[in-house]
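A.B. asks: Input structure: start25.cif, which contains mmCIF, C-alpha atoms.
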```cif
data_structure
loop_
_atom_site.label_atom_id
_atom_site.label_comp_id
_atom_site.auth_asym_id
_atom_site.auth_seq_id
_atom_site.Cartn_x
_atom_site.Cartn_y
_atom_site.Cartn_z
CA MET A 1 13.40 0.45 26.38
CA ASN A 2 9.96 1.25 27.73
CA PRO A 3 8.09 -2.04 28.37
CA GLU A 4 4.78 -0.24 27.78
CA THR A 5 5.78 0.77 24.26
CA PRO A 6 4.04 -1.49 21.73
CA LYS A 7 6.34 -3.66 19.68
CA ILE A 8 6.36 -2.28 16.15
CA VAL A 9 7.79 -4.17 13.20
CA VAL A 10 8.48 -2.22 10.02
CA VAL A 11 8.07 -4.47 6.97
CA ILE A 12 9.86 -3.39 3.79
CA VAL A 13 9.92 -5.32 0.53
CA ASN A 14 13.08 -5.01 -1.57
CA TRP A 15 13.51 -6.10 -5.16
CA MET A 16 16.88 -5.12 -6.63
CA ARG A 17 16.78 -1.57 -5.24
CA PRO A 18 19.36 -1.59 -2.45
CA ASP A 19 20.05 2.16 -2.56
CA ASP A 20 16.41 3.00 -1.89
CA THR A 21 16.11 0.37 0.83
CA ILE A 22 19.28 1.54 2.60
CA ALA A 23 18.11 5.16 2.56
CA CYS A 24 14.71 4.10 3.88
CA LEU A 25 16.27 2.10 6.72
CA GLU A 26 18.54 5.00 7.62
CA SER A 27 15.49 7.19 8.16
CA ILE A 28 13.68 4.52 10.19
CA TYR A 29 16.58 4.05 12.58
CA GLN A 30 16.48 7.77 13.36
CA SER A 31 12.94 7.32 14.66
CA SER A 32 11.99 8.81 18.01
CA ILE A 33 10.29 5.59 19.17
CA ASP A 34 12.27 2.97 21.06
CA GLU A 35 10.87 -0.51 20.63
CA LEU A 36 11.21 -0.96 16.91
CA ALA A 37 12.35 -3.77 14.63
CA CYS A 38 12.86 -3.85 10.86
CA LEU A 39 12.10 -6.81 8.64
CA VAL A 40 13.28 -6.70 5.04
CA VAL A 41 11.59 -9.13 2.68
CA ASP A 42 13.75 -9.68 -0.38
CA ASN A 43 11.53 -10.55 -3.33
CA GLY A 44 13.96 -12.83 -5.13
CA SER A 45 16.57 -10.20 -6.04
CA THR A 46 19.36 -11.42 -8.33
CA ASP A 47 21.70 -8.47 -7.71
CA ASP A 48 23.83 -7.66 -4.66
CA SER A 49 20.90 -6.18 -2.71
CA VAL A 50 21.06 -8.57 0.24
CA GLN A 51 24.82 -8.28 0.67
CA ARG A 52 24.80 -4.48 0.53
CA ILE A 53 21.85 -4.00 2.86
CA LYS A 54 23.19 -6.54 5.37
CA GLN A 55 26.53 -4.77 5.38
CA ALA A 56 24.86 -1.40 6.04
CA PHE A 57 22.36 -2.71 8.63
CA PRO A 58 23.45 -6.00 10.24
CA GLN A 59 20.65 -5.67 12.83
CA VAL A 60 17.87 -6.02 10.25
CA GLU A 61 15.89 -9.25 10.20
CA TRP A 62 15.59 -10.92 6.80
CA LEU A 63 13.10 -13.01 4.91
CA LEU A 64 14.49 -14.21 1.60
CA LEU A 65 11.92 -15.30 -0.96
CA PRO A 66 13.06 -17.52 -3.83
CA GLU A 67 11.10 -15.54 -6.41
CA ASN A 68 9.40 -12.20 -6.92
CA ARG A 69 5.92 -12.54 -5.44
CA GLY A 70 4.88 -8.98 -6.17
CA PHE A 71 3.76 -6.30 -3.76
CA ALA A 72 0.99 -8.35 -2.16
CA GLY A 73 2.95 -11.60 -1.88
CA GLY A 74 6.04 -9.93 -0.47
CA TYR A 75 4.12 -8.03 2.17
CA ASN A 76 2.01 -11.02 3.11
CA ALA A 77 5.16 -13.05 3.79
CA GLY A 78 6.48 -10.19 5.93
CA ILE A 79 3.18 -9.85 7.78
CA ARG A 80 3.20 -13.53 8.71
CA ARG A 81 6.76 -13.34 10.02
CA ALA A 82 6.08 -10.15 11.96
CA LEU A 83 3.01 -11.68 13.61
CA GLU A 84 5.09 -14.71 14.59
CA THR A 85 7.50 -12.42 16.43
CA GLY A 86 4.64 -11.03 18.53
CA ALA A 87 4.36 -7.61 16.89
CA SER A 88 1.43 -5.57 18.16
CA LYS A 89 1.63 -3.17 15.20
CA ILE A 90 3.07 -3.64 11.74
CA PHE A 91 4.18 -0.68 9.62
CA LEU A 92 3.99 -1.62 5.94
CA LEU A 93 6.30 0.71 4.07
CA ASN A 94 7.49 1.07 0.49
CA ASN A 95 11.27 0.98 0.23
CA ASP A 96 11.33 4.15 -1.91
CA THR A 97 10.30 6.30 1.06
CA ILE A 98 12.01 8.43 3.69
CA VAL A 99 10.34 8.56 7.11
CA ASP A 100 10.34 11.63 9.35
CA GLN A 101 11.79 10.74 12.75
CA ARG A 102 8.47 11.53 14.50
CA ALA A 103 6.25 9.66 12.06
CA ILE A 104 6.31 6.13 13.48
CA ALA A 105 5.60 7.30 17.03
CA ALA A 106 2.71 9.48 15.82
CA LEU A 107 1.16 6.58 13.91
CA ALA A 108 1.57 4.17 16.83
CA GLN A 109 -0.05 6.57 19.28
CA SER A 110 -2.92 7.66 17.02
CA GLY A 111 -5.54 5.21 18.28
CA TRP A 112 -6.59 4.06 14.81
CA ASP A 113 -6.55 0.35 13.93
CA VAL A 114 -5.04 1.42 10.61
CA ALA A 115 -3.06 4.67 10.72
CA ILE A 116 -2.07 6.51 7.54
CA PRO A 117 0.61 9.23 7.34
CA LYS A 118 0.76 12.37 5.25
CA ILE A 119 2.72 11.23 2.18
CA VAL A 120 4.54 13.99 0.32
CA TYR A 121 6.78 14.03 -2.73
CA HIS A 122 10.42 13.38 -1.87
CA GLN A 123 11.60 15.93 -4.42
CA GLN A 124 8.91 18.44 -3.40
CA PRO A 125 8.10 17.87 0.28
CA ASP A 126 5.83 20.92 0.24
CA ARG A 127 3.45 19.00 -2.05
CA ILE A 128 1.13 16.18 -0.98
CA TRP A 129 1.13 12.92 -2.88
CA CYS A 130 -1.55 11.30 -0.73
CA ALA A 131 -3.37 12.16 2.51
CA GLY A 132 -5.45 9.00 2.55
CA CYS A 133 -8.00 7.86 -0.02
CA ALA A 134 -11.77 8.20 -0.39
CA TRP A 135 -14.66 6.94 -2.48
CA ARG A 136 -15.82 9.41 -5.13
CA PRO A 137 -19.46 8.92 -6.13
CA PHE A 138 -19.06 10.39 -9.63
CA PRO A 139 -17.43 8.90 -11.52
CA PRO A 140 -17.55 6.01 -9.05
CA SER A 141 -13.96 5.34 -8.03
CA VAL A 142 -11.37 5.59 -5.25
CA VAL A 143 -9.26 8.76 -5.35
CA MET A 144 -6.24 10.01 -3.40
CA ILE A 145 -7.06 12.87 -1.03
CA GLY A 146 -4.93 16.01 -1.32
CA PHE A 147 -3.08 14.91 -4.45
CA GLY A 148 -0.79 17.76 -5.56
CA LYS A 149 -1.99 20.16 -2.87
CA GLN A 150 0.22 22.22 -0.56
CA ALA A 151 1.46 20.18 2.39
CA ASN A 152 0.69 23.02 4.81
CA ASP A 153 -2.91 23.36 3.61
CA ILE A 154 -5.07 23.48 6.74
CA ARG A 155 -7.43 20.88 5.28
CA TYR A 156 -4.68 18.27 5.50
CA ASN A 157 -3.27 19.27 8.88
CA ARG A 158 -6.07 17.69 10.88
CA SER A 159 -6.84 14.07 11.59
CA TYR A 160 -9.91 12.47 9.98
CA PRO A 161 -11.35 9.00 9.39
CA LEU A 162 -10.64 7.29 6.09
CA GLU A 163 -12.39 4.84 3.82
CA TYR A 164 -9.35 3.74 1.83
CA ALA A 165 -5.55 4.00 1.89
CA THR A 166 -2.63 3.50 -0.44
CA GLY A 167 -0.26 0.68 0.42
CA CYS A 168 2.73 3.01 0.27
CA ALA A 169 2.73 3.46 4.06
CA MET A 170 0.25 2.14 6.59
CA MET A 171 0.49 1.02 10.21
CA VAL A 172 -1.90 -1.83 10.96
CA SER A 173 -2.79 -3.42 14.28
CA ARG A 174 -2.11 -7.07 15.02
CA GLU A 175 -5.81 -7.78 15.50
CA ALA A 176 -6.72 -6.36 12.09
CA LEU A 177 -4.08 -8.39 10.27
CA GLN A 178 -4.96 -11.59 12.08
CA LEU A 179 -8.57 -11.30 10.96
CA VAL A 180 -8.25 -9.82 7.48
CA LYS A 181 -5.26 -12.02 6.50
CA GLY A 182 -3.32 -9.42 4.52
CA PHE A 183 -3.51 -8.56 0.84
CA ASP A 184 -5.25 -10.55 -1.86
CA GLU A 185 -2.32 -11.87 -3.91
CA ALA A 186 -4.45 -12.35 -7.01
CA PHE A 187 -4.30 -8.59 -7.55
CA THR A 188 -0.47 -8.68 -7.86
CA SER A 189 -0.30 -4.88 -8.22
CA TYR A 190 -2.84 -2.05 -8.44
CA MET A 191 -5.98 -1.83 -6.29
CA GLU A 192 -4.81 -4.53 -3.87
CA ASP A 193 -4.51 -1.80 -1.24
CA TYR A 194 -8.05 -0.56 -1.93
CA ASP A 195 -9.35 -4.11 -1.67
CA PHE A 196 -7.43 -4.51 1.61
CA SER A 197 -8.90 -1.27 2.93
CA PHE A 198 -12.43 -2.30 2.02
CA ARG A 199 -12.10 -5.61 3.86
CA LEU A 200 -10.61 -3.93 6.94
CA ARG A 201 -13.60 -1.60 7.22
CA GLN A 202 -15.96 -4.47 6.43
CA HIS A 203 -14.68 -6.17 9.60
CA GLY A 204 -15.24 -3.02 11.64
CA PHE A 205 -11.66 -1.76 11.99
CA SER A 206 -11.08 1.98 12.14
CA MET A 207 -8.83 3.76 9.66
CA GLY A 208 -7.57 7.29 9.99
CA TYR A 209 -5.20 9.93 8.73
CA VAL A 210 -2.38 11.19 10.98
CA PRO A 211 -1.02 14.51 9.62
CA GLU A 212 1.86 14.73 12.14
CA ALA A 213 3.34 11.57 10.60
CA VAL A 214 5.15 12.58 7.41
CA VAL A 215 6.59 10.18 4.85
CA MET A 216 8.40 11.31 1.70
CA HIS A 217 7.80 9.19 -1.39
CA LYS A 218 10.18 9.04 -4.36
CA VAL A 219 7.44 9.05 -6.94
CA SER A 220 7.52 10.91 -10.22
CA GLN A 221 4.84 13.56 -10.62
CA SER A 222 4.70 12.70 -14.30
CA LEU A 223 2.56 9.62 -14.84
CA GLY A 224 4.62 8.15 -17.64
CA GLU A 225 3.32 4.64 -17.05
CA PHE A 226 1.63 3.70 -20.28
CA SER A 227 2.82 0.14 -20.83
CA PRO A 228 0.07 -2.15 -22.16
CA ALA A 229 0.93 -4.74 -19.48
CA ARG A 230 0.26 -2.21 -16.70
CA TRP A 231 -3.05 -1.09 -18.15
CA LYS A 232 -4.20 -4.62 -18.83
CA LEU A 233 -3.58 -5.44 -15.17
CA MET A 234 -5.45 -2.30 -14.10
CA GLY A 235 -8.46 -3.30 -16.18
CA ARG A 236 -8.43 -6.83 -14.77
CA ASN A 237 -8.06 -5.69 -11.18
CA ALA A 238 -10.80 -3.09 -11.52
CA VAL A 239 -13.23 -5.93 -12.23
CA PHE A 240 -11.99 -7.79 -9.15
CA PHE A 241 -12.18 -4.75 -6.89
CA TYR A 242 -15.69 -3.68 -7.94
CA ARG A 243 -17.33 -7.06 -8.31
CA LEU A 244 -15.81 -9.49 -5.79
CA GLN A 245 -18.77 -10.65 -3.68
CA ASN A 246 -20.86 -8.15 -5.69
CA ARG A 247 -19.16 -5.39 -3.70
CA PHE A 248 -20.49 -2.62 -5.97
CA PRO A 249 -23.34 -2.70 -8.51
CA ALA A 250 -22.30 -3.74 -12.00
CA TRP A 251 -23.26 -0.34 -13.41
CA LYS A 252 -20.63 1.36 -11.25
CA LEU A 253 -17.93 -0.87 -12.67
CA LEU A 254 -19.13 -0.32 -16.24
CA PHE A 255 -19.29 3.42 -15.62
CA PHE A 256 -15.74 3.39 -14.25
CA LEU A 257 -14.40 1.38 -17.19
CA ALA A 258 -16.09 3.68 -19.71
CA TRP A 259 -14.87 6.78 -17.86
CA VAL A 260 -11.25 5.60 -17.87
CA CYS A 261 -11.40 4.81 -21.58
CA LEU A 262 -12.93 8.22 -22.35
CA ARG A 263 -10.51 10.08 -20.08
CA GLU A 264 -7.42 8.48 -21.57
CA SER A 265 -8.71 8.89 -25.12
CA LEU A 266 -9.28 12.61 -24.56
CA LYS A 267 -5.71 12.82 -23.25
CA GLY A 268 -4.48 11.22 -26.47
CA ASN A 269 -3.46 7.98 -24.76
CA TRP A 270 -5.20 5.80 -27.33
CA GLY A 271 -2.62 3.03 -27.05
CA ILE A 272 -3.58 1.93 -23.56
CA VAL A 273 -7.34 1.65 -24.15
CA PRO A 274 -7.29 -1.75 -25.95
CA ALA A 275 -5.06 -3.18 -23.20
CA PHE A 276 -7.36 -1.82 -20.50
CA ILE A 277 -10.43 -3.32 -22.16
CA SER A 278 -8.61 -6.63 -22.69
CA GLY A 279 -7.73 -6.73 -19.00
CA ALA A 280 -11.33 -6.06 -18.01
CA ARG A 281 -12.50 -8.93 -20.21
CA GLN A 282 -9.92 -11.17 -18.58
CA GLY A 283 -11.14 -10.06 -15.15
CA PHE A 284 -14.74 -10.94 -15.96
CA GLY A 285 -13.59 -14.38 -17.11
CA GLU A 286 -11.61 -15.03 -13.93
CA LEU A 287 -14.11 -13.54 -11.50
CA LYS A 288 -16.33 -16.58 -11.19
CA HIS A 289 -13.38 -18.70 -10.03
CA ARG A 290 -12.23 -16.31 -7.33
CA ARG A 291 -12.41 -16.93 -3.58
CA ARG A 292 -11.71 -14.47 -0.81
CA PRO A 293 -8.40 -15.15 0.98
CA ASP A 294 -9.95 -14.32 4.36
CA ARG A 295 -12.74 -16.85 3.76
CA GLU A 296 -10.41 -19.82 3.30
CA GLU A 297 -9.44 -21.96 6.27
CA ASP A 298 -5.87 -22.34 5.10
CA ALA A 299 -5.34 -18.62 4.45
CA ALA A 300 -2.19 -17.03 5.76
#
```
Spell out the structure here as structure tokens.

C.D. replies:
Amino acid sequence: MNPETPKIVVVIVNWMRPDDTIACLESIYQSSIDELACLVVDNGSTDDSVQRIKQAFPQVEWLLLPENRGFAGGYNAGIRRALETGASKIFLLNNDTIVDQRAIAALAQSGWDVAIPKIVYHQQPDRIWCAGCAWRPFPPSVVMIGFGKQANDIRYNRSYPLEYATGCAMMVSREALQLVKGFDEAFTSYMEDYDFSFRLRQHGFSMGYVPEAVVMHKVSQSLGEFSPARWKLMGRNAVFFYRLQNRFPAWKLLFFLAWVCLRESLKGNWGIVPAFISGARQGFGELKHRRRPDREEDAA
């Protein structure tokens, strides 16, 4: 083991999906980098996940949570444990991913405080799911760069700085995580990664895209996620993301909310619009009681 190699801890959150987690770990342990440790945070699974994963990978470190704390809560618990072990870099990784054997080394050696891989579809690795994220002025929102484009497109085969990133796969430096304190758990799911990205840049940390690092994501290309609960949460979290600490002018939030309602209505997805609006109303009601996690003395 090269003593000059930074200690990297891969943090994966599992919740009753042992097959995905095992496949993900198999790809990680084929990595071309030496000094590497894996931490699996089990988010209160009630199936045989822990037993099966432990049997397949006895060398994995575990953090067993008594209940499902969501994406943000699970990763925050893993971040705290990884920092305690002295990790210099932490690779936050969805368990439904497969990592190219060169990806972790490329991210670690990139020089960015936050390094983002090229994420492609697992079923169609020639298609990009996300090559980082950026702010779009009109309509004002965060969008995924390269979505659905060819993976070999020259535009996405060069490194470039980023404004935002999806939480699917990101390598973050120890210094950044110590200062920013991880994800805001009030978001639960949706936009917590954009909020995290905003705060990282607000503190002056660099974020960049590393095209040599390839991660395959088992995501469906068909949206198919039209549950009222999901869209209510998206409406609520949009209010948080845009208006925490008056981050963006109110008109940009209102424009975004109106645009989403119009877009989904034109698509014929009338059923989700009331839930989305209800969530936004809830967000406005909760906003005045919110505090930033990285502004509290007892934050993780």

A.B. asks: One number please: CA of Ile154 (chain A) to CA of Arg102 (chain A), in Å, one decimal.

C.D. replies: 19.7 Å

A.B. asks: Evaluate the PyMOL selection byres ((chain A and resi 37-54) around 9) against this structure - the residues, as a ChimeraX atom specification, please.

C.D. replies: /A:7-19,21-22,25,28-29,35-36,55-71,73-75,77-78,81-82

A.B. asks: Could you tell me how far CA of Gly167 (chain A) lies from CA of Leu92 (chain A), in Å and to one decimal?

C.D. replies: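 Between these atoms lies a distance of 7.3 Å.
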
A.B. asks: Starting from the PyMOL selection byres ((chain A and resi 196) around 9), expand the selection into actual residues of this file and give them as an MDAnalysis selection string.

C.D. replies: chainID A and resid 164:165 167 180 182:184 191:195 197:201

A.B. asks: Write the selection just made, keeping C-alpha atoms, as a short mmCIF file (atom, residue, chain, number, x, y, z; two decimals), in the coordinates of the input?

C.D. replies:
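Done, and the output landed in result.cif:
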```
data_model
loop_
_atom_site.label_atom_id
_atom_site.label_comp_id
_atom_site.auth_asym_id
_atom_site.auth_seq_id
_atom_site.Cartn_x
_atom_site.Cartn_y
_atom_site.Cartn_z
CA TYR A 164 -9.35 3.74 1.83
CA ALA A 165 -5.55 4.00 1.89
CA GLY A 167 -0.26 0.68 0.42
CA VAL A 180 -8.25 -9.82 7.48
CA GLY A 182 -3.32 -9.42 4.52
CA PHE A 183 -3.51 -8.56 0.84
CA ASP A 184 -5.25 -10.55 -1.86
CA MET A 191 -5.98 -1.83 -6.29
CA GLU A 192 -4.81 -4.53 -3.87
CA ASP A 193 -4.51 -1.80 -1.24
CA TYR A 194 -8.05 -0.56 -1.93
CA ASP A 195 -9.35 -4.11 -1.67
CA SER A 197 -8.90 -1.27 2.93
CA PHE A 198 -12.43 -2.30 2.02
CA ARG A 199 -12.10 -5.61 3.86
CA LEU A 200 -10.61 -3.93 6.94
CA ARG A 201 -13.60 -1.60 7.22
#
```

A.B. asks: On this structure, the PyMOL selection byres ((chain A and resi 106-114) around 7) would catch which residues? List them as a tab-separated table (two decimals) with C-alpha atoms, in the coordinates of the input, sorted by chain and number.

C.D. replies:
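Okay, part31.tsv is ready:
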```tsv
chain	number	residue	atom	x	y	z
A	102	ARG	CA	8.47	11.53	14.50
A	103	ALA	CA	6.25	9.66	12.06
A	104	ILE	CA	6.31	6.13	13.48
A	105	ALA	CA	5.60	7.30	17.03
A	115	ALA	CA	-3.06	4.67	10.72
A	116	ILE	CA	-2.07	6.51	7.54
A	170	MET	CA	0.25	2.14	6.59
A	171	MET	CA	0.49	1.02	10.21
A	172	VAL	CA	-1.90	-1.83	10.96
A	173	SER	CA	-2.79	-3.42	14.28
A	176	ALA	CA	-6.72	-6.36	12.09
A	205	PHE	CA	-11.66	-1.76	11.99
A	206	SER	CA	-11.08	1.98	12.14
A	207	MET	CA	-8.83	3.76	9.66
A	208	GLY	CA	-7.57	7.29	9.99
A	210	VAL	CA	-2.38	11.19	10.98
A	212	GLU	CA	1.86	14.73	12.14
A	213	ALA	CA	3.34	11.57	10.60
```

A.B. asks: Enter the distance from CA of Thr166 (chain A) to CA of Ile79 (chain A), in Å, rounded to one decimal.

C.D. replies: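 Computing it gives 16.7 Å between the two atoms.
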